[in-house]
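J.: Okay, here's the structure, questions in a sec.
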Amino acid sequence: MPVSTPFRRPPQNTADDSDTPEPTPPPSSAPSSAPSSDLRARLAHWRAWRTRHPRAALFLRRTTTVLAAVLVLGALLLPNSFAALEPSRFARIPAEAVVAAVLLLQLPRVPRLVLAAFLGTGLGALTVLNLLDMGFTEYLGRGFNVVLDWGLLDDAQSYVADSMGGAAAFWASVGAVVLTVLLLVVMALAVVRLGELLVAHRERTNRGALTAATVWLACAALGVQTFGPAVATTSASRAVEAQANRVRDTLRDEAAFAKEAKSDRFGATPGAQLVPDLRGKDVIFTFIESYGRTAIEDPVTAPGVDRTLDTGTAALEKAGFRAKSGWLTSATYGGSSWLGHSTFMSGLWVDNQQRYRTVTAGDHLTLTKAFRRTGDWDTVGVVPGVQKGWPEAKWYGLDKVYDAFDVGYRGPKFSWSTMPDQYALEAFQRLEHGKKRDRPLMAEVVLTSSHQPWAPIPELVGWDGIGDGSVYDGIESAGVEPSEVLTDSRRSKEEYGKSVQYSVTSLTQWLERYGTDDTVLVFLGDHQPIARVSGDKASRDVPVSVVAKDPKVLDAIDDWNWTEGLKPAHDAPVWRMSSFRDAFLTAYGSTPHPTG
């Protein structure tokens with residue numbers, strides 16, 4: 001739609017900005033370029049149309065003006081979370097609108113147009129950031145970080161492709177790009193149009209701005225509210241300030257964390273003095289995707305998950321195993337599992353991508369690396385979620401890594417998860433744990449079947465009939481479609497609970513079937529599920545359990561005061577996930593030799 005009208009200054013004595021059509025100016029006799037002639041021709045055509053259809057032109061201009069005002073006010077008042085997205089939020093007076101109107105009235109035409117376009121583009125960018133904040137808060141429990149989080153958008157696209165198909169991911173990406181461009185352009189045009197309209201009615205605008213400022217100050221002083229939110233607001237300014245503070249804190253944190261990562265209580269401990277009380281044991285650290293406190297305590301998921309934990313505890317006790325369980329507060333929420341893994345293993349609080357890059361680029365001692373340093377263990381990783389190069393394996397201290405392509409799986413994917421947990425565990429048994437070896441095994445195993453969208457979920461099959469995974473073809477095709485779960489909060493909770501039951505049962509059956517007197521299993525969740533499942537303002541706590549046959553293994557952690565069995569009590573101790581490494585190393589006889 002042509003946009004020349006907002007840039008024209010109407011006569012000052014006109015009662016309405018569009019009631020009286022202007023005569024078409026005579027064509028210039030000066031030579032001009034073809035593009036300039038085309039532009040003048042379009043302008044002339046538009047003015048002629050307005051002259052022929054004054055009512056339609058007036059309606060169009062007023063409609064456009066109203067839409068511009070709605071867009072600008074909506075963007076100024078838009079919150080950055082779905083929880084705050086209520087009608088009352090938009091029944092307020094934004095101070096930024098009053099200030100911008102006063103500024104635009106004081107400027108000559110060209111600077112005014114430049115400032116209006118700049119403010120509009122900035123408002124469009126802020127709207128994009130607010131929308132990103134909404135999405136990140138919904139899925140990851142935190143706002144979008146403009147310094148660190150752009151790379152996660154690629155992961156989001158991959159997740160959509162795995163869950164909904166490549167076509168859906170493509171069109172979602174195209175839609176996101178188009179929406180972003182439209183917001184920037186349309187918001188700039190909207191502010192320009194409103195700015196020109198204000199100048200066209202300067203006297204009326206001055207009175208309106210003074211009135212709005214007076215009302216704003218009065219409402220601010222008296223604390224007037226509209227069903228909760230304050231009428232007088234500076235929400236847009238505060239949103240910009242919050243983004244700026246987030247950037248500043250991120251840049252400051254980089255240097256501080258780099259220094260923190262160099263300090264390590266066990267960094268210089270010789271191998272002979274690390275975990276001496278576990279010599280001869282097969283030690284297995286297992287992460288269960290999205291296994292959080294919600295699974296055990298939410299009314300929808302708890303009944304089934306609690307039964308699974310109770311059944312697993314009883315079955316393991318019958319096989320000679322005991323367990324103790326507690327809570328860890330994860331460094332991440334809803335996703336970014338690698339942050340939880342690295343926090344648990346390193347003893348550092350790795351809650352963003354910058355910290356992750358810093359710690360994995362250094363030589364900070366991980367739990368897995370501690371076993372390797374002793375020279376008494378073979379160290380392996382089973383990571384079926386990894387489908388590309390994984391250089392972090394060196395930092396973790398793993399001699400060998402089995403990714404999605406190394407375990408011989410020939411069955412279907414289950415949404416994001418490349419293979420069922422039961423298959424991954426059976427492959428671990430076949431490739432490593434079940435082999436005769438000269439040294440015991442230390443393994444890191446990551447189970448992915450409980451990854452969102454929790455559809456379709458694998459079913460347990462006979463362990464002897466797993467084969468190459470082809471047995472899962474019919475199970476996957478008969479399963480629930482992700483689209484049936486993604487948009488339904490209660491259905492998501494139900495399917496999430498089932499997925500946790502599947503993962504925990506797979507693990508406890510594997511231990512019951514293949515565990516030995518020398519097997520020590522530590523398993524935990526990497527983070528809580530997304531807010532749609534765990535609930536608004538949910539904790540970041542995840543269950544953690546230590547399981548073994550040798551009573552000395554559990555006796556060593558008696559002073560942790562954890563709960564007997566696989567289900568931690570509601571009031572069981574809660575630690576930061578970063579504290580586990582040092583507590584574990586200390587409990588099993590390691591001698592501190594600090595660095596840094």
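Quick note on naming: the chains in the structure tokens go A, B, ... in the order shown, residues restart at 1 in each chain, and ligands are numbered from 1 in order of appearance.
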Need the shell around Ile466 in chain A: protein/DNA/RNA residues with any atom at most 9 Å away, counting only C-alpha atoms. Skip same-chain ones fewer than 5 positions apart. Format as a compact mmCIF listing (two decimals) with N, CA and C atoms, in the first residue's frame?

T.:
# COMPACT_ATOMS: atom_id res chain seq x y z
N GLN A 422 15.72 -48.65 26.21
CA GLN A 422 15.98 -50.06 26.42
C GLN A 422 17.02 -50.57 25.42
N TYR A 423 16.90 -50.10 24.17
CA TYR A 423 17.90 -50.51 23.18
C TYR A 423 19.27 -49.94 23.53
N GLU A 426 20.78 -51.97 26.26
CA GLU A 426 21.18 -53.30 25.79
C GLU A 426 22.45 -53.20 24.92
N VAL A 461 10.04 -54.24 25.51
CA VAL A 461 9.97 -55.53 24.81
C VAL A 461 10.86 -56.50 25.56
N VAL A 471 12.33 -54.40 15.88
CA VAL A 471 11.14 -54.77 16.62
C VAL A 471 10.30 -53.55 16.99
N TYR A 472 10.92 -52.37 16.97
CA TYR A 472 10.21 -51.15 17.36
C TYR A 472 9.43 -50.51 16.21

J.: Per DSSP on the backbone, filter range 100-245 of chain A down to the residues in alpha helix (DSSP H) and report them as a VMD selection string.

T.: chain A and resid 100 to 106 109 to 140 150 to 164 166 to 200 202 to 222 235 to 245

J.: List as a Markdown table every residue of range 364-469 of chain A that is in contact with range 531-552 of chain A, defined as an atom at most 12 Å from one of its atoms (using only C-alpha atoms), together with the nearest atom pair and the distance in Å rounded to one decimal, sorted by chain and then rising number.

T.:
| residue | atom | partner | partner_atom | distance |
| --- | --- | --- | --- | --- |
| A:Gln452 | CA | A:Val533 | CA | 10.2 |
| A:Pro453 | CA | A:Val533 | CA | 10.7 |
| A:Trp454 | CA | A:Val533 | CA | 11.2 |

J.: Of the candidates A:Val240, A:Ala167, A:Leu585, A:Val407, which one gets nearest to Thr366 in chain A if we count only C-alpha atoms?

T.: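 With only C-alpha atoms as the atom set, the closest residue is A:Leu585.
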
J.: Enter the distance from CA of Ala258 in chain A to CA of Thr586 in chain A, in Å, rounded to one decimal.

T.: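 Taking CA of Ala258 in chain A and CA of Thr586 in chain A, their separation equals 24.5 Å.
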
J.: Among range 116-302 of chain A, which ones does DSSP place in strand (DSSP E), written as a list in words?

T.: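 Taking range 116-302 of chain A and keeping strand (DSSP E) gives Ala232, Thr233, Asp282, Val283, Ile284, Phe285, Thr286, Phe287 and Ile288 of chain A.
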
J.: I want to know what sits within 6 Å of range 64-71 of chain A, based on only C-alpha atoms, with residues of the same chain fewer than 3 positions away left out; could you give that as a PyMOL selection string?

T.: chain A and resi 61+74+190

J.: Could you list, as a CSV table (one decimal) with all heavy atoms, in the first residue's frame, every residue within 10 Å of Ala172 in chain A, counting only C-alpha atoms and ignoring same-chain residues fewer than 6 positions away?

T.:
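Result file is around_3.csv:
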chain,number,residue,atom,x,y,z
A,157,GLN,N,14.9,-25.3,15.7
A,157,GLN,CA,14.5,-25.8,14.4
A,157,GLN,C,14.7,-27.3,14.3
A,157,GLN,O,13.8,-28.0,13.7
A,157,GLN,CB,15.3,-25.1,13.3
A,157,GLN,CG,14.8,-25.4,11.9
A,157,GLN,CD,15.7,-24.9,10.8
A,157,GLN,OE1,16.9,-24.7,11.1
A,157,GLN,NE2,15.2,-24.6,9.7
A,160,VAL,N,11.9,-29.1,16.1
A,160,VAL,CA,10.7,-29.1,15.4
A,160,VAL,C,10.7,-30.1,14.3
A,160,VAL,O,9.8,-30.8,14.0
A,160,VAL,CB,10.3,-27.7,14.9
A,160,VAL,CG1,9.1,-27.7,14.0
A,160,VAL,CG2,10.1,-26.7,16.0
A,161,ALA,N,11.9,-30.1,13.6
A,161,ALA,CA,12.0,-31.1,12.5
A,161,ALA,C,11.9,-32.5,13.0
A,161,ALA,O,11.2,-33.4,12.4
A,161,ALA,CB,13.4,-30.9,11.8
A,166,GLY,N,10.3,-32.3,8.7
A,166,GLY,CA,11.2,-31.2,8.0
A,166,GLY,C,10.4,-30.1,7.4
A,166,GLY,O,10.8,-28.9,7.5
A,178,VAL,N,9.8,-14.0,8.4
A,178,VAL,CA,8.9,-13.0,7.8
A,178,VAL,C,8.3,-12.2,8.9
A,178,VAL,O,8.1,-10.9,8.8
A,178,VAL,CB,7.8,-13.8,7.0
A,178,VAL,CG1,6.7,-12.8,6.6
A,178,VAL,CG2,8.4,-14.4,5.8

J.: Within 12 Å of Ser336 in chain A, counting only C-alpha atoms, which residues show up once you throw out same-chain ones fewer than 6 positions away? Write them as a PyMOL selection string, please.

T.: chain A and resi 136+139-142+149+151-153+155-156+159+289-290+330+342-343+350-353+356+451+526-530

J.: Output N, CA, C and O atoms of each residue in that selection to a file, as an mmCIF file, in the first residue's frame.

T.:
data_model
loop_
_atom_site.group_PDB
_atom_site.id
_atom_site.type_symbol
_atom_site.label_atom_id
_atom_site.label_comp_id
_atom_site.auth_asym_id
_atom_site.auth_seq_id
_atom_site.Cartn_x
_atom_site.Cartn_y
_atom_site.Cartn_z
ATOM 1 N N PHE A 136 11.243 -18.588 25.402
ATOM 2 C CA PHE A 136 12.315 -19.134 26.234
ATOM 3 C C PHE A 136 11.828 -19.363 27.665
ATOM 4 O O PHE A 136 12.204 -20.353 28.304
ATOM 5 N N TYR A 139 9.739 -22.564 27.695
ATOM 6 C CA TYR A 139 10.455 -23.829 27.509
ATOM 7 C C TYR A 139 11.672 -23.984 28.418
ATOM 8 O O TYR A 139 11.960 -25.089 28.881
ATOM 9 N N LEU A 140 12.401 -22.890 28.665
ATOM 10 C CA LEU A 140 13.654 -22.993 29.405
ATOM 11 C C LEU A 140 13.631 -22.288 30.754
ATOM 12 O O LEU A 140 14.634 -22.290 31.461
ATOM 13 N N GLY A 141 12.510 -21.671 31.089
ATOM 14 C CA GLY A 141 12.400 -21.046 32.401
ATOM 15 C C GLY A 141 13.252 -19.813 32.586
ATOM 16 O O GLY A 141 13.539 -19.409 33.716
ATOM 17 N N ARG A 142 13.650 -19.164 31.502
ATOM 18 C CA ARG A 142 14.457 -17.945 31.574
ATOM 19 C C ARG A 142 14.244 -17.141 30.311
ATOM 20 O O ARG A 142 13.709 -17.636 29.320
ATOM 21 N N ASP A 149 22.183 -16.725 23.018
ATOM 22 C CA ASP A 149 21.156 -17.705 22.689
ATOM 23 C C ASP A 149 20.785 -17.827 21.224
ATOM 24 O O ASP A 149 19.883 -18.601 20.887
ATOM 25 N N GLY A 151 22.354 -19.289 18.893
ATOM 26 C CA GLY A 151 22.629 -20.653 18.451
ATOM 27 C C GLY A 151 21.538 -21.638 18.837
ATOM 28 O O GLY A 151 21.351 -22.667 18.177
ATOM 29 N N LEU A 152 20.788 -21.319 19.912
ATOM 30 C CA LEU A 152 19.727 -22.221 20.339
ATOM 31 C C LEU A 152 18.549 -22.215 19.372
ATOM 32 O O LEU A 152 17.740 -23.141 19.377
ATOM 33 N N LEU A 153 18.439 -21.155 18.555
ATOM 34 C CA LEU A 153 17.355 -21.127 17.573
ATOM 35 C C LEU A 153 17.529 -22.241 16.547
ATOM 36 O O LEU A 153 16.561 -22.809 16.051
ATOM 37 N N ASP A 155 18.909 -25.123 17.280
ATOM 38 C CA ASP A 155 18.471 -26.325 17.994
ATOM 39 C C ASP A 155 16.954 -26.414 18.021
ATOM 40 O O ASP A 155 16.388 -27.511 17.941
ATOM 41 N N ALA A 156 16.292 -25.260 18.147
ATOM 42 C CA ALA A 156 14.831 -25.257 18.147
ATOM 43 C C ALA A 156 14.288 -25.745 16.811
ATOM 44 O O ALA A 156 13.316 -26.511 16.760
ATOM 45 N N TYR A 159 14.671 -29.431 16.683
ATOM 46 C CA TYR A 159 13.663 -30.082 17.529
ATOM 47 C C TYR A 159 12.316 -30.159 16.806
ATOM 48 O O TYR A 159 11.639 -31.188 16.828
ATOM 49 N N GLU A 289 16.586 -37.982 30.700
ATOM 50 C CA GLU A 289 16.115 -36.723 30.138
ATOM 51 C C GLU A 289 14.836 -36.235 30.828
ATOM 52 O O GLU A 289 13.870 -36.987 30.970
ATOM 53 N N SER A 290 14.861 -34.972 31.278
ATOM 54 C CA SER A 290 13.678 -34.270 31.816
ATOM 55 C C SER A 290 13.071 -34.949 33.035
ATOM 56 O O SER A 290 11.896 -34.711 33.356
ATOM 57 N N SER A 330 19.060 -28.296 39.417
ATOM 58 C CA SER A 330 19.764 -28.248 38.135
ATOM 59 C C SER A 330 20.101 -26.816 37.734
ATOM 60 O O SER A 330 19.423 -25.856 38.118
ATOM 61 N N SER A 342 27.188 -30.944 32.293
ATOM 62 C CA SER A 342 28.503 -30.363 32.595
ATOM 63 C C SER A 342 28.558 -29.820 34.021
ATOM 64 O O SER A 342 29.609 -29.863 34.667
ATOM 65 N N THR A 343 27.438 -29.307 34.525
ATOM 66 C CA THR A 343 27.398 -28.842 35.919
ATOM 67 C C THR A 343 27.617 -30.009 36.869
ATOM 68 O O THR A 343 28.422 -29.930 37.814
ATOM 69 N N VAL A 350 27.192 -24.269 35.563
ATOM 70 C CA VAL A 350 27.236 -23.989 34.128
ATOM 71 C C VAL A 350 25.795 -23.759 33.660
ATOM 72 O O VAL A 350 25.111 -24.681 33.230
ATOM 73 N N ASP A 351 25.346 -22.505 33.754
ATOM 74 C CA ASP A 351 23.942 -22.226 33.477
ATOM 75 C C ASP A 351 23.709 -21.454 32.185
ATOM 76 O O ASP A 351 22.595 -21.011 31.921
ATOM 77 N N ASN A 352 24.753 -21.272 31.363
ATOM 78 C CA ASN A 352 24.547 -20.643 30.063
ATOM 79 C C ASN A 352 25.611 -21.129 29.088
ATOM 80 O O ASN A 352 26.604 -21.765 29.480
ATOM 81 N N GLN A 353 25.403 -20.810 27.829
ATOM 82 C CA GLN A 353 26.268 -21.338 26.784
ATOM 83 C C GLN A 353 27.679 -20.786 26.877
ATOM 84 O O GLN A 353 28.653 -21.478 26.549
ATOM 85 N N TYR A 356 29.472 -22.759 29.404
ATOM 86 C CA TYR A 356 29.734 -24.091 28.853
ATOM 87 C C TYR A 356 30.957 -24.070 27.942
ATOM 88 O O TYR A 356 31.836 -24.936 28.020
ATOM 89 N N HIS A 451 12.514 -37.378 26.375
ATOM 90 C CA HIS A 451 12.647 -36.040 25.797
ATOM 91 C C HIS A 451 11.302 -35.616 25.201
ATOM 92 O O HIS A 451 10.597 -36.410 24.595
ATOM 93 N N ASP A 526 18.364 -34.577 34.283
ATOM 94 C CA ASP A 526 19.227 -33.452 33.929
ATOM 95 C C ASP A 526 18.538 -32.112 34.166
ATOM 96 O O ASP A 526 19.195 -31.104 34.426
ATOM 97 N N HIS A 527 17.189 -32.089 34.094
ATOM 98 C CA HIS A 527 16.448 -30.851 34.344
ATOM 99 C C HIS A 527 14.964 -31.175 34.435
ATOM 100 O O HIS A 527 14.517 -32.270 34.083
ATOM 101 N N GLN A 528 14.180 -30.205 34.890
ATOM 102 C CA GLN A 528 12.736 -30.317 34.906
ATOM 103 C C GLN A 528 12.193 -30.229 33.474
ATOM 104 O O GLN A 528 12.838 -29.673 32.585
ATOM 105 N N PRO A 529 10.976 -30.757 33.240
ATOM 106 C CA PRO A 529 10.338 -30.557 31.931
ATOM 107 C C PRO A 529 9.895 -29.110 31.770
ATOM 108 O O PRO A 529 9.952 -28.315 32.716
ATOM 109 N N ILE A 530 9.443 -28.760 30.577
ATOM 110 C CA ILE A 530 9.055 -27.387 30.276
ATOM 111 C C ILE A 530 7.914 -26.931 31.185
ATOM 112 O O ILE A 530 7.209 -27.732 31.786
#

J.: Taking only C-alpha atoms into account, produce a table as JSON lines in which each residue of range 237-328 of chain A with an atom at most 9 Å from an atom of range 434-446 of chain A appears once, together with its shortest atom pair and the distance in Å to one decimal, ordered by chain and rising number.

T.:
{"residue": "A:Arg279", "atom": "CA", "partner": "A:Pro440", "partner_atom": "CA", "distance": 8.2}
{"residue": "A:Gly280", "atom": "CA", "partner": "A:Pro440", "partner_atom": "CA", "distance": 5.8}
{"residue": "A:Lys281", "atom": "CA", "partner": "A:Pro440", "partner_atom": "CA", "distance": 6.0}
{"residue": "A:Asp282", "atom": "CA", "partner": "A:Leu441", "partner_atom": "CA", "distance": 4.7}
{"residue": "A:Val283", "atom": "CA", "partner": "A:Met442", "partner_atom": "CA", "distance": 4.8}
{"residue": "A:Ile284", "atom": "CA", "partner": "A:Ala443", "partner_atom": "CA", "distance": 4.7}
{"residue": "A:Phe285", "atom": "CA", "partner": "A:Glu444", "partner_atom": "CA", "distance": 4.8}
{"residue": "A:Thr286", "atom": "CA", "partner": "A:Val445", "partner_atom": "CA", "distance": 4.7}
{"residue": "A:Phe287", "atom": "CA", "partner": "A:Val446", "partner_atom": "CA", "distance": 4.9}
{"residue": "A:Ile288", "atom": "CA", "partner": "A:Val446", "partner_atom": "CA", "distance": 6.4}
{"residue": "A:Glu289", "atom": "CA", "partner": "A:Val446", "partner_atom": "CA", "distance": 7.6}

J.: Using only C-alpha atoms, please write the residues we just selected to a file, as a CSV table (one decimal), in the first residue's frame.

T.:
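The result, stored in selection-v7.csv:
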chain,number,residue,atom,x,y,z
A,279,ARG,CA,38.6,-49.4,43.1
A,280,GLY,CA,37.3,-52.5,41.3
A,281,LYS,CA,33.8,-51.2,40.9
A,282,ASP,CA,32.0,-50.6,37.6
A,283,VAL,CA,30.7,-47.0,38.1
A,284,ILE,CA,27.9,-45.8,35.8
A,285,PHE,CA,26.6,-42.3,35.7
A,286,THR,CA,23.2,-42.1,34.0
A,287,PHE,CA,21.2,-39.1,33.0
A,288,ILE,CA,17.4,-39.5,32.4
A,289,GLU,CA,16.1,-36.7,30.1

J.: Suppose you want the space between CA of Thr508 in chain A and CA of Ala370 in chain A; what is it in Å?

T.: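 These atoms are spaced 25.9 Å apart.
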
J.: I need the residue nearest Thr505 in chain A from this list: A:Asp378, A:Asp406, A:Asp306, A:Asp473. Use only C-alpha atoms for the distance.

T.: A:Asp306

J.: Rounded to one decimal place, report the CA of His593 in chain A-CA of Met577 in chain A distance in Å.

T.: 21.6 Å

J.: Pick out the residues sitting within 12 Å of range 266-268 of chain A, and hand them over as an NGL selection string; count only C-alpha atoms, and ignore anything fewer than 5 positions along from it in its own chain.

T.: :A and (261 or 273-275 or 346-347 or 362-367 or 369-370 or 373 or 581-586 or 589-596)

J.: Store the residues picked out above in a file with N, CA and C atoms, as a compact mmCIF listing (two decimals), in the first residue's frame.

T.:
# COMPACT_ATOMS: atom_id res chain seq x y z
N ALA A 261 36.70 -21.07 37.10
CA ALA A 261 36.95 -22.40 36.53
C ALA A 261 38.40 -22.85 36.74
N GLN A 273 45.14 -40.94 44.42
CA GLN A 273 44.38 -40.43 45.55
C GLN A 273 42.95 -40.04 45.18
N LEU A 274 42.50 -40.45 44.01
CA LEU A 274 41.13 -40.18 43.58
C LEU A 274 40.29 -41.45 43.70
N VAL A 275 39.12 -41.33 44.29
CA VAL A 275 38.12 -42.40 44.51
C VAL A 275 38.75 -43.76 44.85
N SER A 346 31.35 -31.36 36.46
CA SER A 346 32.49 -30.47 36.72
C SER A 346 32.51 -29.87 38.11
N GLY A 347 31.34 -29.82 38.77
CA GLY A 347 31.29 -29.14 40.05
C GLY A 347 31.25 -27.63 39.92
N GLY A 362 38.64 -25.65 28.83
CA GLY A 362 39.71 -25.74 29.82
C GLY A 362 39.99 -27.18 30.23
N ASP A 363 40.66 -27.34 31.37
CA ASP A 363 41.03 -28.67 31.84
C ASP A 363 40.48 -28.95 33.24
N HIS A 364 39.36 -28.28 33.59
CA HIS A 364 38.77 -28.50 34.90
C HIS A 364 38.42 -29.98 35.05
N LEU A 365 38.66 -30.54 36.24
CA LEU A 365 38.47 -31.97 36.48
C LEU A 365 36.99 -32.32 36.53
N THR A 366 36.59 -33.26 35.69
CA THR A 366 35.23 -33.79 35.75
C THR A 366 35.23 -35.11 36.52
N LEU A 367 34.06 -35.53 36.94
CA LEU A 367 33.97 -36.84 37.60
C LEU A 367 34.49 -37.95 36.70
N LYS A 369 36.58 -37.66 34.22
CA LYS A 369 38.02 -37.52 34.03
C LYS A 369 38.79 -37.98 35.27
N ALA A 370 38.19 -37.84 36.45
CA ALA A 370 38.84 -38.30 37.68
C ALA A 370 39.09 -39.81 37.61
N ARG A 373 41.92 -40.44 35.23
CA ARG A 373 43.23 -40.05 35.76
C ARG A 373 43.85 -41.14 36.63
N ARG A 581 29.85 -33.17 42.68
CA ARG A 581 31.17 -33.71 42.34
C ARG A 581 32.06 -33.80 43.57
N ASP A 582 32.21 -32.70 44.29
CA ASP A 582 33.11 -32.69 45.44
C ASP A 582 32.59 -33.62 46.54
N ALA A 583 31.27 -33.65 46.75
CA ALA A 583 30.71 -34.53 47.78
C ALA A 583 30.98 -35.99 47.43
N PHE A 584 30.85 -36.35 46.16
CA PHE A 584 31.08 -37.72 45.72
C PHE A 584 32.55 -38.09 45.86
N LEU A 585 33.44 -37.23 45.38
CA LEU A 585 34.87 -37.52 45.46
C LEU A 585 35.30 -37.65 46.92
N THR A 586 34.78 -36.79 47.78
CA THR A 586 35.15 -36.84 49.20
C THR A 586 34.62 -38.10 49.86
N GLY A 589 36.81 -41.24 49.38
CA GLY A 589 38.21 -41.26 49.81
C GLY A 589 39.17 -40.39 49.05
N SER A 590 38.72 -39.49 48.19
CA SER A 590 39.64 -38.65 47.42
C SER A 590 40.28 -37.59 48.33
N THR A 591 41.53 -37.27 48.04
CA THR A 591 42.28 -36.29 48.82
C THR A 591 42.36 -34.97 48.05
N PRO A 592 41.90 -33.87 48.62
CA PRO A 592 41.95 -32.59 47.90
C PRO A 592 43.38 -32.10 47.68
N HIS A 593 43.66 -31.63 46.47
CA HIS A 593 44.90 -30.92 46.14
C HIS A 593 44.48 -29.77 45.23
N PRO A 594 44.20 -28.60 45.83
CA PRO A 594 43.60 -27.50 45.05
C PRO A 594 44.53 -26.91 44.00
N THR A 595 43.90 -26.32 42.98
CA THR A 595 44.62 -25.51 41.99
C THR A 595 43.93 -24.15 41.91
N GLY A 596 44.61 -23.18 41.33
CA GLY A 596 44.01 -21.88 41.10
C GLY A 596 44.04 -20.95 42.29
